[in-house]
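Just below is one structure, and these are the notes that go with it.
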Amino acid sequence: MSDQNSDTDYGFENIMVELDAVLEKSTAGLDADIPQLTKPSGTMTIREALEADDPLGSIRSELWGYTEEQRIFELVHGAILEVNSGGVSMLWDRLPFDEIDRLAQYLEGMGAQQTYLAIKEIRGFIVTAVGDPPGREALFDLVGSPEFEKMARPFDLQFEAMVEEMEGKLLEFAQANVESLEQSPIS
């Protein structure tokens, strides 16, 4: 049995050696001075993205998650997509509880009160039902329950207003934080 394993290992090693040789041959002659990270051509600055047809999507595609403001933008933009897809209660299917708390803090700071208050109300229901912080399994069971659906449904039906509110506030945030949003780990 051990001979068979060594034959298999030897075959795998040979394949890896051959793959390394193919890779080395195919990259021979490339300029060794090319930096490991390069900004793709055709990208835009945050200022240019603000003028695009879809400024929030354009900004998001330019971010690296490099600064705190970039991470805030990414979290709120992701929340917009989730709320637009399935209502505000969808956040509890997609994000860890502590991340929803951070999101609520950011939304409150941006002035997105309707969405912030909905998150706060749903959070209160969850904490009362399963504790603070809820265990992942208990939260999963609660979010799938008829009781949760009944409580969250009125908020979910307001998804369009919440999305519009968050988009407006996130756009204001981007306009106020252009320089930080434009920072990247490469030049």
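Ordered as shown in the structure tokens, chains take letters A, B, and onward, while each chain numbers its residues from 1 and ligands are numbered from 1 in the order shown.
Those residues that approach Ala129 (chain A) to within 9 Å, counting only C-alpha atoms, are Gly124, Pro134 and Leu142 of chain A; same-chain residues fewer than 5 positions away are not listed.
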Which one of A:Tyr106, A:Met90, A:Ile80, A:Phe125 sits closest to Glu68 (chain A) if you count only C-alpha atoms? A:Tyr106
Compare A:Trp92, A:Phe155, A:Glu182, A:Arg102 by their minimum atom-to-atom distance to Thr43 (chain A), counting only C-alpha atoms, and give me the closest one. A:Glu182
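Residues surrounding Arg94 (chain A) within 12 Å are Leu75, Gly78, Ala79, Leu81, Glu82, Val83, Ser85, Gly86, Gly87, Val88, Ser89, Met90, Leu91, Phe97, Asp98, Glu99, Ile100, Arg136, Leu139, Phe140 and Val143 of chain A [only C-alpha atoms; sequence separation below 3 positions excluded].
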Spatial neighbours of Trp64 (chain A), 10 Å, only C-alpha atoms, chain gap at least 2 places, as a ChimeraX atom specification: /A:60-62,66-67,70-71,74,181-186
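You will find CA of Glu147 (chain A) at 14.1 Å from CA of Glu121 (chain A).
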From region 8-183 of chain A, collect each residue whose DSSP state is helix (DSSP H, G or I) and return the set as a ChimeraX atom specification. /A:8-27,46-50,55-62,68-86,88-94,97-110,113-130,136-143,146-156,159-176,178-182
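Put simply, CA of Glu108 (chain A) is 10.2 Å away from CA of Lys169 (chain A).
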Which residues are close to region 112-120 of chain A, i.e. within 7 Å by only C-alpha atoms, leaving aside same-chain residues fewer than 5 positions away? Reply as a PyMOL selection string. chain A and resi 104+107+155+162+165-166+169
Print the selection's residues with C-alpha atoms to a file, as a PDB file, in the first residue's frame.
```pdb
ATOM      1  CA  ALA A 104     -26.253  51.059  12.161  1.00  0.00           C
ATOM      2  CA  LEU A 107     -26.037  55.090   9.076  1.00  0.00           C
ATOM      3  CA  PHE A 155     -39.879  47.504   7.542  1.00  0.00           C
ATOM      4  CA  MET A 162     -34.551  53.048   2.713  1.00  0.00           C
ATOM      5  CA  GLU A 165     -32.181  57.347   1.765  1.00  0.00           C
ATOM      6  CA  MET A 166     -28.959  55.311   2.036  1.00  0.00           C
ATOM      7  CA  LYS A 169     -26.463  59.755   2.352  1.00  0.00           C
TER       8      LYS A 169
END
```
note - CA of Glu179 (chain A) and CA of Ile46 (chain A) are separated by 8.3 Å
